[in-house]
Amino acid sequence: MMSGEDPASNRVRKLAALLSADVEGYSRLMGEDEAATVHTLTVYRAVIQTLVQQHRGRVVDSPGDNLLAEFASVVDAVQCAVAFQRELGIKNAALPLHRRMKFRVGINLGDVIVDGERIYGDGVNIAARLESLAAGGGICIAGSVHEQVKTKLALGYEDLGSQHVKNIAGPVRVYRIREQPGAAVPLSWMHAPGGPTLWRRGALAVVLLALLGGGGVSIWQLVARALPSSPTKPSIAVLPFVNMSGDSEQEHFSDGMTEDLITELSRLNGLSIIARTSAFTYKGRAVKPQQVSRELGVRYMLEGRVRTANNRIRITAQLVDGTTGYHVWAQSYDRDLDDIFAVQGEIARMITRSLAVQLTAAEEKHMGSPYTTSAKAWEYYMRGTQRYRRFTPADNAEARALFESAIAEDSEFSRAYAGLAATHRQDWIFAWTQNRADSESQAYEKANQAVRLARREPEPKPSLPYALEQLGYVEVYKNHLQEASDAANEVLRSSPNYADAYALAAHVLIYQGKPEEALQKTQEAINRDPKYPFFYDYHRGHAHYVWGLQTSPKNPDVGKRHFEEAETHLRTALKKNNNFRSARLYLVAVLSELNRQPEAVSEMVTYRNMGGRTGDRIVPYKDESIRRRLLERLRAAESGA
């Protein structure tokens, strides 16, 4: 922007983008409840000031309910106004209708006189007059602003024509900013009483018209994609925090922060949270918020960065509206490493406040409760979790050592015991050890210890879902199917957002001989984890395999279709993780059932080369005939090899 000196006064003149805002109906609000109005105004003004700073502006003055800010760029000014109107709209949704505080905003591009920290001139006055033309929650901009932003910001602009405003000599061209084209749910609908109901009626009308016109399927799919998954629950994805330490060995800090926030938020009934696997598909990728919103079906996403050095940790987090790409909230934290749990709790609280999530008394009380007393134990645990997920014998052994180190730092660390149980289960199930009986015993003992410790945690017992999940898997392979089912169902009752609990339930149902129910549970897991992990594909393939065995005797054609479906899912699992031996083994059985014996033999060779064995395979089916049939097919393929 150009600037210069006024020769008459030696005061500096410059061109600036000016934002003026005030509260609609402020006198009424004060008359009804002064204390509540002042409190709300203080909170809302802090939001605006923060967003002004984030958009490279400065607040010039804020008397009473008014606020004046200046920006070097009109784009920054408009983006800031849209951002804080959205955030205040969300906050207003949590207030009774008569207590909602709506700001009117006017933005002008004009010449101003700078006197110290203050600015004067017609440019300021016009911004104030534009503000008076805006509705509560709305934004009006001058024609000069519109010319600058119309091709740069994907917003709607309504031309209000030339307006004569008080104390300004000539008419001012005015535009009103509308919602961004294509936004999933306009804020004016979202926060209006009964808004979602009206919107649904409109969507239903579109569907009915489409059906009458013969285009039912395609139009319905289009509308269904636009429908929010739950109008009463904000949906959010926590994207992998970026490791800014310059040391890949510190990756567990950023990953651990991400996972803990997902866990914290997934316990809240008022939020829909995307599971870890889907979120981590974006790790190391530069993606636009709109893309994430579209691909995961969420409106909001949390992004962040983590830097560790000299026992200090610096965390930057920002909440972004995926329909616009604008920031709803952002904050930086610079703390001692031991304060990492407190920071996680603060971020979770800021998210719930920004999205007006109604918390239960228990959720409010226990949000941010740490699940270990030691930052060092947490670090060992996160490093162990990284190793465990690589699913190799060597990494499994390293993970076990790290979990044991975590327990040495905190002997009450339930999640570390759960991780330890998982490593012993891997050794037992996949025969990665010479003493499988000892691994089985250790897996069972450590899983039960994890559950006992988790049950002693204060509500909401944050480690209990993980402990029960590990105990459930151990119970499956010990052929305690009812106990495994009980564990899975307890997790689902306490943590309905926990996708892997649905996967465990599906796993149990398959061995119980209920493949159709298992597929339904797997779908529920996928709904919570759209970019789901390879073992969900394995569960689907396994379920269709069992279903095929059940239907083939009476209806061979139906059985064949299930086997073909099983092959598709098992190959997808192997495409995602070519080292996953369980999927490889069941692919052998499926190919054999489809009378493609040469292919079955070839896959068996691959399985054996991976270190797999069939003779002592644990297959705890409730129906013994399924187990016999599976082993018969595997032995046939093995003999052919």
# chains A, B, ... in the order shown; residues from 1 in each chain; ligands from 1
$ residues_around --residues "A:Gly559" --least-positions-apart "5" --cutoff "6 Å" --atoms "only C-alpha atoms" --output "number ranges by chain"
A: 548, 551-552
$ write_last_selection --atoms "C-alpha atoms" --output "compact mmCIF listing (two decimals), in the first residue's frame"
# COMPACT_ATOMS: atom_id res chain seq x y z
CA GLY A 548 -19.55 -68.93 1.38
CA THR A 551 -24.23 -71.34 1.82
CA SER A 552 -22.35 -73.55 -0.67
$ residues_around --residues "stretch 379-394 of chain A" --least-positions-apart "2" --cutoff "6 Å" --atoms "only C-alpha atoms" --output "ChimeraX atom specification"
/A:252,256,376-377,396-397,399,402-403,406
$ select_by_dssp --residues "stretch 219-463 of chain A" --states "alpha helix (DSSP H)" --output "ChimeraX atom specification"
/A:219-226,251-266,276-280,289-296,340-354,361-366,375-388,393-409,414-430,436-455
$ residues_around --residues "A:Glu599" --least-positions-apart "2" --cutoff "12 Å" --atoms "only C-alpha atoms" --output "ChimeraX atom specification"
/A:567,584,587-597,601-606,637-638,640-641
$ write_last_selection --atoms "N, CA and C atoms" --output "PDB file, in the first residue's frame"
ATOM      1  N   GLU A 567     -12.302 -63.027  -2.155  1.00  0.00           N
ATOM      2  CA  GLU A 567     -11.041 -62.841  -2.870  1.00  0.00           C
ATOM      3  C   GLU A 567     -10.750 -61.358  -3.088  1.00  0.00           C
ATOM      4  N   ARG A 584      -3.119 -63.623   3.347  1.00  0.00           N
ATOM      5  CA  ARG A 584      -2.520 -64.533   2.362  1.00  0.00           C
ATOM      6  C   ARG A 584      -3.039 -65.952   2.561  1.00  0.00           C
ATOM      7  N   LEU A 587      -6.600 -66.299   1.452  1.00  0.00           N
ATOM      8  CA  LEU A 587      -6.662 -66.240  -0.007  1.00  0.00           C
ATOM      9  C   LEU A 587      -6.387 -67.625  -0.594  1.00  0.00           C
ATOM     10  N   VAL A 588      -5.456 -68.357   0.002  1.00  0.00           N
ATOM     11  CA  VAL A 588      -5.194 -69.741  -0.427  1.00  0.00           C
ATOM     12  C   VAL A 588      -6.477 -70.557  -0.345  1.00  0.00           C
ATOM     13  N   ALA A 589      -7.177 -70.462   0.803  1.00  0.00           N
ATOM     14  CA  ALA A 589      -8.398 -71.248   1.001  1.00  0.00           C
ATOM     15  C   ALA A 589      -9.490 -70.841   0.020  1.00  0.00           C
ATOM     16  N   VAL A 590      -9.629 -69.545  -0.217  1.00  0.00           N
ATOM     17  CA  VAL A 590     -10.668 -69.051  -1.121  1.00  0.00           C
ATOM     18  C   VAL A 590     -10.403 -69.521  -2.553  1.00  0.00           C
ATOM     19  N   LEU A 591      -9.167 -69.417  -3.006  1.00  0.00           N
ATOM     20  CA  LEU A 591      -8.831 -69.867  -4.360  1.00  0.00           C
ATOM     21  C   LEU A 591      -9.084 -71.363  -4.516  1.00  0.00           C
ATOM     22  N   SER A 592      -8.817 -72.102  -3.465  1.00  0.00           N
ATOM     23  CA  SER A 592      -9.086 -73.538  -3.498  1.00  0.00           C
ATOM     24  C   SER A 592     -10.586 -73.802  -3.615  1.00  0.00           C
ATOM     25  N   GLU A 593     -11.395 -73.042  -2.867  1.00  0.00           N
ATOM     26  CA  GLU A 593     -12.849 -73.206  -2.949  1.00  0.00           C
ATOM     27  C   GLU A 593     -13.378 -72.844  -4.334  1.00  0.00           C
ATOM     28  N   LEU A 594     -12.683 -71.965  -5.029  1.00  0.00           N
ATOM     29  CA  LEU A 594     -13.089 -71.558  -6.375  1.00  0.00           C
ATOM     30  C   LEU A 594     -12.504 -72.483  -7.446  1.00  0.00           C
ATOM     31  N   ASN A 595     -11.902 -73.580  -6.987  1.00  0.00           N
ATOM     32  CA  ASN A 595     -11.318 -74.579  -7.897  1.00  0.00           C
ATOM     33  C   ASN A 595     -10.212 -73.991  -8.767  1.00  0.00           C
ATOM     34  N   ARG A 596      -9.439 -73.093  -8.191  1.00  0.00           N
ATOM     35  CA  ARG A 596      -8.281 -72.506  -8.891  1.00  0.00           C
ATOM     36  C   ARG A 596      -7.031 -72.970  -8.145  1.00  0.00           C
ATOM     37  N   GLN A 597      -6.827 -74.302  -8.186  1.00  0.00           N
ATOM     38  CA  GLN A 597      -5.806 -74.909  -7.353  1.00  0.00           C
ATOM     39  C   GLN A 597      -4.382 -74.454  -7.682  1.00  0.00           C
ATOM     40  N   VAL A 601      -1.926 -72.982  -4.814  1.00  0.00           N
ATOM     41  CA  VAL A 601      -0.597 -73.526  -4.511  1.00  0.00           C
ATOM     42  C   VAL A 601       0.449 -72.420  -4.569  1.00  0.00           C
ATOM     43  N   SER A 602       0.361 -71.561  -5.575  1.00  0.00           N
ATOM     44  CA  SER A 602       1.315 -70.463  -5.713  1.00  0.00           C
ATOM     45  C   SER A 602       1.257 -69.528  -4.509  1.00  0.00           C
ATOM     46  N   GLU A 603       0.047 -69.205  -4.056  1.00  0.00           N
ATOM     47  CA  GLU A 603      -0.093 -68.328  -2.892  1.00  0.00           C
ATOM     48  C   GLU A 603       0.431 -69.016  -1.627  1.00  0.00           C
ATOM     49  N   MET A 604       0.272 -70.347  -1.560  1.00  0.00           N
ATOM     50  CA  MET A 604       0.787 -71.073  -0.404  1.00  0.00           C
ATOM     51  C   MET A 604       2.318 -71.012  -0.367  1.00  0.00           C
ATOM     52  N   VAL A 605       2.952 -71.085  -1.530  1.00  0.00           N
ATOM     53  CA  VAL A 605       4.407 -70.962  -1.593  1.00  0.00           C
ATOM     54  C   VAL A 605       4.832 -69.595  -1.045  1.00  0.00           C
ATOM     55  N   THR A 606       4.116 -68.557  -1.468  1.00  0.00           N
ATOM     56  CA  THR A 606       4.412 -67.211  -0.967  1.00  0.00           C
ATOM     57  C   THR A 606       4.239 -67.151   0.542  1.00  0.00           C
ATOM     58  N   ALA A 637      -3.349 -77.453  -0.596  1.00  0.00           N
ATOM     59  CA  ALA A 637      -2.489 -76.488  -1.300  1.00  0.00           C
ATOM     60  C   ALA A 637      -1.036 -76.678  -0.904  1.00  0.00           C
ATOM     61  N   GLU A 638      -0.804 -77.027   0.367  1.00  0.00           N
ATOM     62  CA  GLU A 638       0.553 -77.207   0.852  1.00  0.00           C
ATOM     63  C   GLU A 638       1.199 -78.447   0.226  1.00  0.00           C
ATOM     64  N   GLY A 640       0.490 -79.650  -2.636  1.00  0.00           N
ATOM     65  CA  GLY A 640       0.737 -79.342  -4.049  1.00  0.00           C
ATOM     66  C   GLY A 640       1.977 -78.509  -4.246  1.00  0.00           C
ATOM     67  N   ALA A 641       2.364 -77.798  -3.196  1.00  0.00           N
ATOM     68  CA  ALA A 641       3.563 -76.971  -3.291  1.00  0.00           C
ATOM     69  C   ALA A 641       4.821 -77.802  -3.207  1.00  0.00           C
TER      70      ALA A 641
END
$ atom_distance --atom1 "atom CA of A:Glu457" --atom2 "atom CA of A:Asp410"
13.6 Å
$ residues_around --residues "stretch 19-24 of chain A" --least-positions-apart "2" --cutoff "9 Å" --atoms "only C-alpha atoms" --output "PyMOL selection string"
chain A and resi 17+26-27+41+64-71+77-78+81+101-108+124+127-132+135-137
$ write_last_selection --atoms "N, CA and C atoms" --output "tab-separated table (two decimals), in the first residue's frame"
chain	number	residue	atom	x	y	z
A	17	ALA	N	-6.98	-1.08	4.31
A	17	ALA	CA	-8.25	-1.80	4.37
A	17	ALA	C	-8.76	-1.67	5.80
A	26	TYR	N	-27.20	-3.91	20.84
A	26	TYR	CA	-26.36	-3.90	22.05
A	26	TYR	C	-27.09	-3.27	23.24
A	27	SER	N	-27.83	-2.21	23.01
A	27	SER	CA	-28.54	-1.54	24.11
A	27	SER	C	-29.56	-2.48	24.75
A	41	LEU	N	-19.38	-10.11	25.46
A	41	LEU	CA	-18.64	-9.17	24.62
A	41	LEU	C	-17.13	-9.34	24.81
A	64	GLY	N	-16.63	0.65	23.81
A	64	GLY	CA	-17.96	0.06	23.94
A	64	GLY	C	-18.09	-1.23	23.18
A	65	ASP	N	-19.11	-1.32	22.31
A	65	ASP	CA	-19.31	-2.53	21.51
A	65	ASP	C	-18.70	-2.39	20.13
A	66	ASN	N	-18.00	-1.29	19.86
A	66	ASN	CA	-17.41	-1.05	18.55
A	66	ASN	C	-15.99	-1.59	18.47
A	67	LEU	N	-15.54	-1.85	17.25
A	67	LEU	CA	-14.17	-2.27	17.02
A	67	LEU	C	-13.74	-1.78	15.66
A	68	LEU	N	-12.55	-1.19	15.60
A	68	LEU	CA	-11.98	-0.73	14.34
A	68	LEU	C	-10.62	-1.40	14.16
A	69	ALA	N	-10.42	-2.02	13.00
A	69	ALA	CA	-9.15	-2.68	12.70
A	69	ALA	C	-8.68	-2.27	11.32
A	70	GLU	N	-7.37	-2.27	11.14
A	70	GLU	CA	-6.82	-1.95	9.82
A	70	GLU	C	-5.94	-3.11	9.33
A	71	PHE	N	-5.91	-3.27	8.01
A	71	PHE	CA	-5.14	-4.32	7.36
A	71	PHE	C	-4.41	-3.71	6.18
A	77	ALA	N	-8.51	-8.60	5.25
A	77	ALA	CA	-9.62	-8.03	6.00
A	77	ALA	C	-10.90	-8.83	5.81
A	78	VAL	N	-11.19	-9.20	4.57
A	78	VAL	CA	-12.42	-9.95	4.30
A	78	VAL	C	-12.33	-11.36	4.88
A	81	ALA	N	-12.95	-11.17	8.55
A	81	ALA	CA	-14.37	-10.95	8.88
A	81	ALA	C	-15.18	-12.23	8.73
A	101	MET	N	-25.21	-12.72	20.55
A	101	MET	CA	-24.58	-11.45	20.23
A	101	MET	C	-24.05	-11.50	18.80
A	102	LYS	N	-24.67	-10.69	17.93
A	102	LYS	CA	-24.32	-10.70	16.52
A	102	LYS	C	-23.65	-9.39	16.14
A	103	PHE	N	-22.49	-9.51	15.52
A	103	PHE	CA	-21.76	-8.33	15.07
A	103	PHE	C	-22.12	-7.99	13.63
A	104	ARG	N	-22.20	-6.68	13.37
A	104	ARG	CA	-22.33	-6.19	11.99
A	104	ARG	C	-20.95	-5.69	11.56
A	105	VAL	N	-20.60	-5.96	10.32
A	105	VAL	CA	-19.24	-5.63	9.86
A	105	VAL	C	-19.30	-4.85	8.55
A	106	GLY	N	-18.50	-3.79	8.48
A	106	GLY	CA	-18.30	-3.05	7.24
A	106	GLY	C	-16.82	-2.98	6.91
A	107	ILE	N	-16.49	-3.13	5.63
A	107	ILE	CA	-15.08	-3.11	5.21
A	107	ILE	C	-14.94	-2.13	4.04
A	108	ASN	N	-13.96	-1.24	4.17
A	108	ASN	CA	-13.72	-0.24	3.14
A	108	ASN	C	-12.23	-0.19	2.82
A	124	VAL	N	-12.31	5.73	7.20
A	124	VAL	CA	-12.82	5.14	8.45
A	124	VAL	C	-14.33	5.34	8.54
A	127	ALA	N	-16.31	2.97	6.33
A	127	ALA	CA	-16.37	1.61	6.90
A	127	ALA	C	-17.45	1.53	7.96
A	128	ALA	N	-17.56	2.57	8.80
A	128	ALA	CA	-18.57	2.59	9.85
A	128	ALA	C	-19.98	2.64	9.24
A	129	ARG	N	-20.15	3.40	8.17
A	129	ARG	CA	-21.48	3.47	7.54
A	129	ARG	C	-21.84	2.13	6.86
A	130	LEU	N	-20.87	1.46	6.28
A	130	LEU	CA	-21.13	0.15	5.69
A	130	LEU	C	-21.55	-0.84	6.77
A	131	GLU	N	-20.92	-0.74	7.93
A	131	GLU	CA	-21.28	-1.61	9.06
A	131	GLU	C	-22.76	-1.44	9.41
A	132	SER	N	-23.25	-0.19	9.38
A	132	SER	CA	-24.65	0.07	9.76
A	132	SER	C	-25.63	-0.52	8.75
A	135	ALA	N	-26.58	-6.65	8.29
A	135	ALA	CA	-27.43	-7.31	9.29
A	135	ALA	C	-26.55	-7.95	10.35
A	136	GLY	N	-27.12	-8.28	11.50
A	136	GLY	CA	-26.36	-8.97	12.53
A	136	GLY	C	-25.80	-10.27	12.00
A	137	GLY	N	-24.50	-10.46	12.17
A	137	GLY	CA	-23.85	-11.65	11.62
A	137	GLY	C	-23.43	-11.49	10.18
$ select_by_dssp --residues "stretch 249-333 of chain A" --states "strand (DSSP E or B)" --output "list in words"
Ser272, Ile273, Tyr300, Met301, Leu302, Glu303, Gly304, Arg305, Val306, Arg307, Thr308, Ala309, Arg312, Ile313, Arg314, Ile315, Thr316, Ala317, Gln318, Leu319, Val320, Asp321, His327, Val328, Trp329, Ala330, Gln331, Ser332 and Tyr333 of chain A
$ closest_residue --among "A:Arg452, A:His55, A:His507, A:Arg493" --to "A:Pro620" --atoms "only C-alpha atoms"
A:His507
$ residues_around --residues "stretch 477-480 of chain A" --least-positions-apart "5" --cutoff "12 Å" --atoms "only C-alpha atoms" --output "PyMOL selection string"
chain A and resi 425-426+428-430+437+440-441+443-444+470-472+485-487+507-508+511-512+617-624
$ write_last_selection --atoms "C-alpha atoms" --output "mmCIF file, in the first residue's frame"
data_model
loop_
_atom_site.group_PDB
_atom_site.id
_atom_site.type_symbol
_atom_site.label_atom_id
_atom_site.label_comp_id
_atom_site.auth_asym_id
_atom_site.auth_seq_id
_atom_site.Cartn_x
_atom_site.Cartn_y
_atom_site.Cartn_z
ATOM 1 C CA ARG A 425 -0.046 -62.102 21.240
ATOM 2 C CA GLN A 426 1.742 -61.422 17.955
ATOM 3 C CA TRP A 428 1.973 -66.461 19.914
ATOM 4 C CA ILE A 429 -0.389 -66.165 16.935
ATOM 5 C CA PHE A 430 2.246 -65.780 14.220
ATOM 6 C CA ALA A 437 2.854 -71.395 25.264
ATOM 7 C CA GLU A 440 0.124 -67.076 25.153
ATOM 8 C CA SER A 441 0.372 -66.989 28.942
ATOM 9 C CA ALA A 443 -0.423 -62.120 26.493
ATOM 10 C CA TYR A 444 -3.323 -63.206 28.696
ATOM 11 C CA GLN A 470 -6.281 -56.313 23.657
ATOM 12 C CA LEU A 471 -7.965 -58.652 26.117
ATOM 13 C CA GLY A 472 -10.697 -59.278 23.534
ATOM 14 C CA SER A 485 -17.669 -60.558 22.652
ATOM 15 C CA ASP A 486 -18.272 -59.109 26.128
ATOM 16 C CA ALA A 487 -15.012 -57.154 25.929
ATOM 17 C CA HIS A 507 -13.664 -60.498 14.265
ATOM 18 C CA VAL A 508 -15.491 -62.270 17.087
ATOM 19 C CA TYR A 511 -15.596 -67.025 14.523
ATOM 20 C CA GLN A 512 -19.043 -67.318 16.090
ATOM 21 C CA ARG A 617 -2.667 -72.392 12.903
ATOM 22 C CA ILE A 618 -5.095 -71.099 15.560
ATOM 23 C CA VAL A 619 -8.595 -71.039 14.058
ATOM 24 C CA PRO A 620 -11.091 -70.825 16.952
ATOM 25 C CA TYR A 621 -14.360 -71.327 15.061
ATOM 26 C CA LYS A 622 -17.420 -72.192 17.096
ATOM 27 C CA ASP A 623 -18.461 -74.467 14.218
ATOM 28 C CA GLU A 624 -15.831 -77.209 14.093
#
$ residues_around --residues "A:Gln523" --least-positions-apart "4" --cutoff "10 Å" --atoms "only C-alpha atoms" --output "ChimeraX atom specification"
/A:499,502-503,506,517-519,527-530,536,540
$ atom_distance --atom1 "atom CA of A:Ile90" --atom2 "atom CA of A:Pro234"
10.1 Å
$ residues_around --residues "A:Arg415" --least-positions-apart "4" --cutoff "7 Å" --atoms "only C-alpha atoms" --output "list in words"
Gly419, Ala450, Ser463, Tyr466 and Ala467 of chain A
$ atom_distance --atom1 "atom CA of A:Ile407" --atom2 "atom CA of A:Ala421"
12.4 Å
$ closest_residue --among "A:Glu303, A:Asp61, A:Glu87, A:Asp260" --to "A:Leu239" --atoms "only C-alpha atoms"
A:Glu303
$ closest_residue --among "A:Tyr417, A:Gln550, A:Gln79, A:Asp122" --to "A:Ile48" --atoms "only C-alpha atoms"
A:Gln79
